[in-house]
Number of protein chains: 4
Amino acid sequence: MGRKEVPSLVKDEKLIEKRRGEMVKAAVNLFKENGFHRTTTREIAKASGFSIGTLYEYIRSKEDILYLVCDSIYEGVKEKLHEQISLAEGSIEHVKKAIAVYFNVVDEMQDEVLVMYQEAKSLSREALPYVLKKELEMTAIFEDLLHRTVAQGELELNEEEVKLLAHNILVHGQMWTFRRWSLRKEYTLEEYTQMQINLLLYGVLNRSLTGKTS
Amino acid sequence: MGRKEVPSLVKDEKLIEKRRGEMVKAAVNLFKENGFHRTTTREIAKASGFSIGTLYEYIRSKEDILYLVCDSIYEGVKEKLHEQISLAEGSIEHVKKAIAVYFNVVDEMQDEVLVMYQEAKSLSREALPYVLKKELEMTAIFEDLLHRTVAQGELELNEEEVKLLAHNILVHGQMWTFRRWSLRKEYTLEEYTQMQINLLLYGVLNRSLTGKTS
Amino acid sequence: MGRKEVPSLVKDEKLIEKRRGEMVKAAVNLFKENGFHRTTTREIAKASGFSIGTLYEYIRSKEDILYLVCDSIYEGVKEKLHEQISLAEGSIEHVKKAIAVYFNVVDEMQDEVLVMYQEAKSLSREALPYVLKKELEMTAIFEDLLHRTVAQGELELNEEEVKLLAHNILVHGQMWTFRRWSLRKEYTLEEYTQMQINLLLYGVLNRSLTGKTS
Amino acid sequence: MGRKEVPSLVKDEKLIEKRRGEMVKAAVNLFKENGFHRTTTREIAKASGFSIGTLYEYIRSKEDILYLVCDSIYEGVKEKLHEQISLAEGSIEHVKKAIAVYFNVVDEMQDEVLVMYQEAKSLSREALPYVLKKELEMTAIFEDLLHRTVAQGELELNEEEVKLLAHNILVHGQMWTFRRWSLRKEYTLEEYTQMQINLLLYGVLNRSLTGKTS
DNA sequence: GATGAATGAGTGTTCATTCAT
DNA sequence: TATGAATGAACACTCATTCAT
């Protein structure tokens, strides 16, 4: 659904799934180490355990690998998220919980997230929209959560504020990877999570309280 | 001060400054369009208005260009910042003003800023620290501002919260360029600025007010 | 045995052997004409009958070609030598025969020998020792021969004289290539061989003394 | 006389002489270290103490420098030779003395001699004959010496043997530099000289025969 | 006479991709 | 389906030489 089709010369769908899984796993590790441009298709083939010829049976171009990698990372993050939080509820506590879970997932997959964050720009003008769409879907998860919490009466935010807050939550999660060279020195993941939750929510939280009392 | 020396075969310092300026300008435009790796040194030379041989009179390697680009962008941002805000004061109003000015500068230099944050990772392990140092210097500007405002009694934040808030301010500025594909659709720069100021500060602001009133 | 491994991206050992043979042959001709430095890898590839990309499937660097050339020449000389002379005997006659055979081989391979003699110095500090070792192995062939002849009682030479004489034999062979611009004008190979054998073995001074006394 | 003219844009002959002397000195050192091809004209200019522009006031091309270097080395060797031996005499003792003096000169100028014999091949087809001519002049010195000694009745050699012996003497001098990686381990210069004089002049075969008969 | 900035053809090398087996 | 040898356009970088000042 909304996923871009990457054609393969091989017919067996099961095999495609399997081989591409091996490819992506190998590629993430290599991209992590050397970046997309400095990684060669030969290296990816070798690390995947098959020949360069076989690699090209399952993709059309090097860029396809990058797309598959990005796609796979988003799916991974989303899957882990769905495993741990119910998206049907709506309460301040639930928002806090969701943020914490999200930050945890980002931390677990920090290499992957960083790779995607840094290399997605190398996707062609054709493939990029598919990845950006995934990013929007991720944002939507938090938007929905916030909407429900607003509907519940626990938060007082207009539409645009919901959007921006959801955006900020996502960004603060990514920050933990792309500024880790600095943040890791100052905070543990737990401290970082707690402090960001405070900074993210106390504003809107107090305001709504204030709003209520006034 | 803390800047990495990039050696040149040319002796005339004035000329080096001039030619490197031309180079950086051309390179930013090309990097913006195609990224660092997809841009060739010949393209940079041509766009700079001189031959490939001349290009290499002023740098040692392609990476030097990227370093000069990053360095120049930081200097540009800092210079514009210093032009518009006094860094000696300390008040809520001043913090708001500084954020707005910073977001404005980022918006004016959005191409440059985008290029830097996307390509800096391609710097070698030798050059990267110099750029990260610049980033910390930028963060420190906001840390100082917040410290002074805390000292003034207008904010109530501990040391670690100051650090994180400064990080957040910087990152949200960058995000205006990084996620412009999404943000631009929703907000004007002014709206984005105003809303982020609210989200960033109302949390801590109300808390301190609450603290005061209690 | 003692040969330096030159890695190849190609797995088929037979093919490596074959392609490198073609490469070396082409390279010798080109080096002969223009020297190592003035010969381009593209020229070598073309003369070898394959593309530049293919060339680099079989070597890592241009210097590898030079090493293979040197190695191949030594092997060629040694092989031809072993084909024609038994190295187990030891007599004046056998020494003379061996010298004549060696000079013949040098003459047959004069282009190769000259190339090696002139270009080996361009080998890196890493590869040079392997080539010098081959040179010592060549010298050792004549040392052994002389030793056996001494043991047979047909010559009276101490260890150091054996070494130097073997060295001189080798040098006189190489001379035939690197001074051919002059020697060829004066002597045929047969004349040169006969005269050098005389000078090497008979001595000029004693002969004249003998001549006088007889 | 017989020297190739190397044109210069500068008129002042004294200055030409001086500058070229500086150039040659610098070039020999650089060629010694890195070889002719790996040495750049910029390096030569710098090591000579003037600019690249000035360098080209005194030569037309890089190859001119190589020619001047070769020429200068020959002149140096010849000069030192003439300083120490009279070329008018003719006797066995004198030949021995001349060989020893020549070997000494070669040893003193070993770097220069090595450079010349390794790099002369890079001279163009136009310049090479001039250098070969110098080499023949050197050979002629020993030919003459041998001729006079034959005429004196102290040696019994025909014309062709004289020529070849002269060649051999020259080559064995050169080999002291060329094969120093091997020879230096076995012999001091004095030992090498003494032994080569013996082998060149006394012969090994007759000696052993003599030994046997005595 | 001296300088050194400018030039650009040329070099070694890489690597995504193809295709015969 | 799987292989891996072959390809060649493209790349970063060099350096002998020129010429305006």
# chains A, B, ... in the order shown; residues from 1 in each chain; ligands from 1
>>> interface_residues(of="chain A", to="chain F", cutoff="8 Å", atoms="only C-alpha atoms (C1' of nucleotides)", output="VMD selection string")
chain A and resid 10 51 to 54
>>> write_last_selection(atoms="all heavy atoms", output="compact mmCIF listing (two decimals), in the first residue's frame")
# COMPACT_ATOMS: atom_id res chain seq x y z
N VAL A 10 13.67 -12.26 -10.95
CA VAL A 10 13.29 -13.54 -10.37
C VAL A 10 11.78 -13.56 -10.13
O VAL A 10 11.19 -12.55 -9.76
CB VAL A 10 14.06 -13.75 -9.05
CG1 VAL A 10 13.61 -15.03 -8.36
CG2 VAL A 10 15.56 -13.78 -9.32
N SER A 51 26.65 -13.50 -5.38
CA SER A 51 27.52 -12.84 -6.35
C SER A 51 26.90 -11.55 -6.85
O SER A 51 25.70 -11.31 -6.68
CB SER A 51 27.74 -13.76 -7.54
OG SER A 51 26.56 -13.81 -8.29
N ILE A 52 27.72 -10.76 -7.49
CA ILE A 52 27.24 -9.48 -8.03
C ILE A 52 26.14 -9.72 -9.06
O ILE A 52 25.18 -8.93 -9.16
CB ILE A 52 28.41 -8.67 -8.61
CG1 ILE A 52 27.95 -7.29 -9.10
CG2 ILE A 52 29.11 -9.39 -9.75
CD1 ILE A 52 27.52 -6.39 -7.97
N GLY A 53 26.30 -10.79 -9.82
CA GLY A 53 25.29 -11.12 -10.81
C GLY A 53 23.94 -11.41 -10.16
O GLY A 53 22.90 -10.91 -10.59
N THR A 54 23.99 -12.17 -9.09
CA THR A 54 22.75 -12.50 -8.37
C THR A 54 22.13 -11.24 -7.77
O THR A 54 20.90 -11.07 -7.80
CB THR A 54 23.06 -13.51 -7.26
OG1 THR A 54 23.63 -14.67 -7.85
CG2 THR A 54 21.81 -13.88 -6.49
>>> calpha_fit_rmsd(fixed="chain C", moving="chain B")
2.8 Å
>>> atom_distance(atom1="CA of Met138 in chain A", atom2="CA of Leu189 in chain A")
20.8 Å
>>> residues_around(residues="Leu30 in chain C", least_positions_apart="4", cutoff="12 Å", atoms="only C-alpha atoms (C1' of nucleotides)", output="list of chain:residue names")
C:Met23, C:Val24, C:Lys25, C:Ala26, C:Asn34, C:Gly35, C:Phe36, C:His37, C:Arg38, C:Thr39, C:Thr40, C:Thr41, C:Arg42, C:Glu43, C:Ile44, C:Ala45, C:Lys46, C:Ala47, C:Ser48, C:Ile65, C:Leu66, C:Val69, C:Asp111, C:Glu112, C:Val115
>>> write_last_selection(atoms="C-alpha atoms", output="short mmCIF file (atom, residue, chain, number, x, y, z; two decimals), in the first residue's frame")
data_model
loop_
_atom_site.label_atom_id
_atom_site.label_comp_id
_atom_site.auth_asym_id
_atom_site.auth_seq_id
_atom_site.Cartn_x
_atom_site.Cartn_y
_atom_site.Cartn_z
CA MET C 23 49.61 -8.32 -20.12
CA VAL C 24 53.28 -8.94 -19.47
CA LYS C 25 54.00 -9.53 -23.13
CA ALA C 26 52.30 -6.33 -24.13
CA ASN C 34 58.90 4.14 -24.02
CA GLY C 35 59.94 3.06 -20.58
CA PHE C 36 57.72 2.27 -17.64
CA HIS C 37 56.78 5.83 -16.77
CA ARG C 38 55.91 6.91 -20.26
CA THR C 39 53.70 3.89 -20.81
CA THR C 40 50.09 4.33 -19.74
CA THR C 41 47.90 1.64 -18.28
CA ARG C 42 45.49 2.28 -21.11
CA GLU C 43 48.17 1.49 -23.65
CA ILE C 44 48.97 -1.72 -21.85
CA ALA C 45 45.31 -2.71 -21.72
CA LYS C 46 44.86 -1.98 -25.40
CA ALA C 47 48.01 -3.82 -26.44
CA SER C 48 46.92 -6.73 -24.25
CA ILE C 65 52.53 -4.93 -13.88
CA LEU C 66 56.16 -3.97 -13.54
CA VAL C 69 57.18 -8.24 -15.85
CA ASP C 111 64.56 -6.58 -24.79
CA GLU C 112 63.14 -8.14 -21.67
CA VAL C 115 63.60 -3.48 -19.59
#
>>> residues_around(residues="range 165-167 of chain B", least_positions_apart="5", cutoff="10 Å", atoms="only C-alpha atoms (C1' of nucleotides)", output="list of chain:residue names")
A:His172, A:Met175, A:Arg179, A:Ser182, A:Leu183, A:Met195, A:Gln196, A:Leu199, B:Glu135, B:Leu136, B:Met138, B:Thr139, B:Ala140, B:Ile141, B:Phe142, B:Glu143, B:Asp144, B:Leu145, B:Leu146, B:Leu157, B:Glu160, B:His172, B:Gly173, B:Leu200, B:Leu201, B:Val204
>>> write_last_selection(atoms="N, CA, C and O atoms", output="mmCIF file, in the first residue's frame")
data_model
loop_
_atom_site.group_PDB
_atom_site.id
_atom_site.type_symbol
_atom_site.label_atom_id
_atom_site.label_comp_id
_atom_site.auth_asym_id
_atom_site.auth_seq_id
_atom_site.Cartn_x
_atom_site.Cartn_y
_atom_site.Cartn_z
ATOM 1 N N HIS A 172 12.744 15.202 17.815
ATOM 2 C CA HIS A 172 13.522 14.957 19.030
ATOM 3 C C HIS A 172 13.983 13.512 19.117
ATOM 4 O O HIS A 172 15.037 13.220 19.690
ATOM 5 N N MET A 175 16.885 13.392 16.625
ATOM 6 C CA MET A 175 17.999 14.118 17.249
ATOM 7 C C MET A 175 18.898 13.193 18.062
ATOM 8 O O MET A 175 20.104 13.350 18.089
ATOM 9 N N ARG A 179 22.539 13.780 16.733
ATOM 10 C CA ARG A 179 23.389 14.580 17.617
ATOM 11 C C ARG A 179 23.950 13.734 18.759
ATOM 12 O O ARG A 179 24.295 14.256 19.816
ATOM 13 N N SER A 182 27.059 14.521 20.724
ATOM 14 C CA SER A 182 27.024 15.497 21.817
ATOM 15 C C SER A 182 26.081 15.052 22.939
ATOM 16 O O SER A 182 26.436 15.103 24.119
ATOM 17 N N LEU A 183 24.900 14.601 22.583
ATOM 18 C CA LEU A 183 23.882 14.299 23.596
ATOM 19 C C LEU A 183 24.280 13.141 24.513
ATOM 20 O O LEU A 183 24.027 13.171 25.712
ATOM 21 N N MET A 195 13.555 14.455 30.100
ATOM 22 C CA MET A 195 13.685 15.908 29.942
ATOM 23 C C MET A 195 12.943 16.398 28.702
ATOM 24 O O MET A 195 12.301 17.449 28.732
ATOM 25 N N GLN A 196 13.053 15.649 27.634
ATOM 26 C CA GLN A 196 12.355 16.094 26.424
ATOM 27 C C GLN A 196 10.846 16.044 26.618
ATOM 28 O O GLN A 196 10.118 16.927 26.158
ATOM 29 N N LEU A 199 10.026 19.140 28.454
ATOM 30 C CA LEU A 199 10.084 20.338 27.621
ATOM 31 C C LEU A 199 8.970 20.344 26.576
ATOM 32 O O LEU A 199 8.402 21.382 26.252
ATOM 33 N N GLU B 135 29.563 23.664 15.630
ATOM 34 C CA GLU B 135 28.179 23.406 16.022
ATOM 35 C C GLU B 135 28.003 23.639 17.523
ATOM 36 O O GLU B 135 27.013 24.231 17.955
ATOM 37 N N LEU B 136 28.989 23.196 18.270
ATOM 38 C CA LEU B 136 28.924 23.424 19.719
ATOM 39 C C LEU B 136 29.014 24.907 20.061
ATOM 40 O O LEU B 136 28.365 25.388 20.999
ATOM 41 N N MET B 138 27.896 27.258 18.252
ATOM 42 C CA MET B 138 26.555 27.794 17.972
ATOM 43 C C MET B 138 25.622 27.488 19.142
ATOM 44 O O MET B 138 24.867 28.352 19.608
ATOM 45 N N THR B 139 25.668 26.262 19.596
ATOM 46 C CA THR B 139 24.822 25.875 20.730
ATOM 47 C C THR B 139 25.141 26.747 21.939
ATOM 48 O O THR B 139 24.237 27.191 22.659
ATOM 49 N N ALA B 140 26.431 26.994 22.126
ATOM 50 C CA ALA B 140 26.864 27.762 23.294
ATOM 51 C C ALA B 140 26.269 29.167 23.297
ATOM 52 O O ALA B 140 25.998 29.743 24.366
ATOM 53 N N ILE B 141 26.061 29.728 22.111
ATOM 54 C CA ILE B 141 25.468 31.060 22.049
ATOM 55 C C ILE B 141 24.112 31.065 22.754
ATOM 56 O O ILE B 141 23.824 31.941 23.579
ATOM 57 N N PHE B 142 23.323 30.049 22.462
ATOM 58 C CA PHE B 142 21.998 29.997 23.089
ATOM 59 C C PHE B 142 22.072 29.564 24.560
ATOM 60 O O PHE B 142 21.283 30.029 25.381
ATOM 61 N N GLU B 143 23.030 28.701 24.848
ATOM 62 C CA GLU B 143 23.210 28.345 26.257
ATOM 63 C C GLU B 143 23.492 29.594 27.097
ATOM 64 O O GLU B 143 22.887 29.808 28.153
ATOM 65 N N ASP B 144 24.406 30.404 26.615
ATOM 66 C CA ASP B 144 24.775 31.613 27.356
ATOM 67 C C ASP B 144 23.568 32.519 27.560
ATOM 68 O O ASP B 144 23.340 33.057 28.642
ATOM 69 N N LEU B 145 22.829 32.665 26.482
ATOM 70 C CA LEU B 145 21.651 33.511 26.538
ATOM 71 C C LEU B 145 20.680 33.007 27.603
ATOM 72 O O LEU B 145 20.134 33.778 28.412
ATOM 73 N N LEU B 146 20.472 31.709 27.594
ATOM 74 C CA LEU B 146 19.555 31.118 28.567
ATOM 75 C C LEU B 146 20.107 31.254 29.981
ATOM 76 O O LEU B 146 19.375 31.594 30.920
ATOM 77 N N LEU B 157 15.661 27.115 35.170
ATOM 78 C CA LEU B 157 16.141 25.906 34.495
ATOM 79 C C LEU B 157 17.453 25.469 35.120
ATOM 80 O O LEU B 157 18.295 26.315 35.463
ATOM 81 N N GLU B 160 21.386 21.285 33.017
ATOM 82 C CA GLU B 160 21.140 20.322 31.953
ATOM 83 C C GLU B 160 19.952 20.713 31.083
ATOM 84 O O GLU B 160 19.931 20.446 29.886
ATOM 85 N N HIS B 172 15.579 22.874 15.858
ATOM 86 C CA HIS B 172 14.351 23.328 15.218
ATOM 87 C C HIS B 172 14.604 24.384 14.150
ATOM 88 O O HIS B 172 13.847 24.487 13.188
ATOM 89 N N GLY B 173 15.676 25.117 14.325
ATOM 90 C CA GLY B 173 16.083 26.021 13.246
ATOM 91 C C GLY B 173 16.477 25.212 12.013
ATOM 92 O O GLY B 173 16.005 25.450 10.903
ATOM 93 N N LEU B 200 8.502 25.916 22.660
ATOM 94 C CA LEU B 200 9.813 25.794 23.316
ATOM 95 C C LEU B 200 9.818 26.464 24.691
ATOM 96 O O LEU B 200 10.366 25.932 25.650
ATOM 97 N N LEU B 201 9.171 27.635 24.764
ATOM 98 C CA LEU B 201 9.323 28.447 25.979
ATOM 99 C C LEU B 201 8.160 28.376 26.947
ATOM 100 O O LEU B 201 8.356 28.496 28.158
ATOM 101 N N VAL B 204 8.665 26.014 29.915
ATOM 102 C CA VAL B 204 9.585 26.448 30.965
ATOM 103 C C VAL B 204 9.159 27.768 31.571
ATOM 104 O O VAL B 204 9.402 28.046 32.739
#
>>> atom_distance(atom1="CA of Glu57 in chain D", atom2="C1' of DA6 in chain E")
18.0 Å
>>> atom_distance(atom1="CA of Tyr58 in chain A", atom2="CA of Arg125 in chain A")
21.5 Å
>>> interface_residues(of="chain E", to="chain D", cutoff="10 Å", atoms="only C-alpha atoms (C1' of nucleotides)", output="PDB file with N, CA and C atoms (P, O5', C5', C4', C3', O3' and C1' of nucleotides), in the first residue's frame")
ATOM      1  P    DG E   1      69.263  38.611 -19.232  1.00  0.00           P
ATOM      2  O5'  DG E   1      69.134  38.804 -17.669  1.00  0.00           O
ATOM      3  C5'  DG E   1      67.898  39.346 -17.265  1.00  0.00           C
ATOM      4  C4'  DG E   1      67.791  39.167 -15.779  1.00  0.00           C
ATOM      5  C3'  DG E   1      67.489  37.760 -15.303  1.00  0.00           C
ATOM      6  O3'  DG E   1      67.814  37.689 -13.924  1.00  0.00           O
ATOM      7  C1'  DG E   1      65.537  39.058 -15.232  1.00  0.00           C
ATOM      8  P    DA E   2      67.290  36.420 -13.038  1.00  0.00           P
ATOM      9  O5'  DA E   2      65.833  36.876 -12.573  1.00  0.00           O
ATOM     10  C5'  DA E   2      65.706  37.831 -11.518  1.00  0.00           C
ATOM     11  C4'  DA E   2      64.324  37.748 -10.914  1.00  0.00           C
ATOM     12  C3'  DA E   2      63.894  36.339 -10.491  1.00  0.00           C
ATOM     13  O3'  DA E   2      63.403  36.436  -9.168  1.00  0.00           O
ATOM     14  C1'  DA E   2      62.266  37.291 -11.929  1.00  0.00           C
ATOM     15  P    DT E   3      62.886  35.124  -8.416  1.00  0.00           P
ATOM     16  O5'  DT E   3      61.332  35.253  -8.672  1.00  0.00           O
ATOM     17  C5'  DT E   3      60.637  36.385  -8.127  1.00  0.00           C
ATOM     18  C4'  DT E   3      59.223  36.351  -8.592  1.00  0.00           C
ATOM     19  C3'  DT E   3      58.464  35.072  -8.222  1.00  0.00           C
ATOM     20  O3'  DT E   3      57.627  35.381  -7.140  1.00  0.00           O
ATOM     21  C1'  DT E   3      57.922  35.863 -10.402  1.00  0.00           C
ATOM     22  P    DG E   4      57.274  34.272  -6.040  1.00  0.00           P
ATOM     23  O5'  DG E   4      55.819  33.856  -6.519  1.00  0.00           O
ATOM     24  C5'  DG E   4      54.911  34.862  -6.969  1.00  0.00           C
ATOM     25  C4'  DG E   4      53.827  34.203  -7.805  1.00  0.00           C
ATOM     26  C3'  DG E   4      53.450  32.781  -7.373  1.00  0.00           C
ATOM     27  O3'  DG E   4      52.075  32.555  -7.671  1.00  0.00           O
ATOM     28  C1'  DG E   4      54.102  32.729  -9.567  1.00  0.00           C
TER      29       DG E   4
END
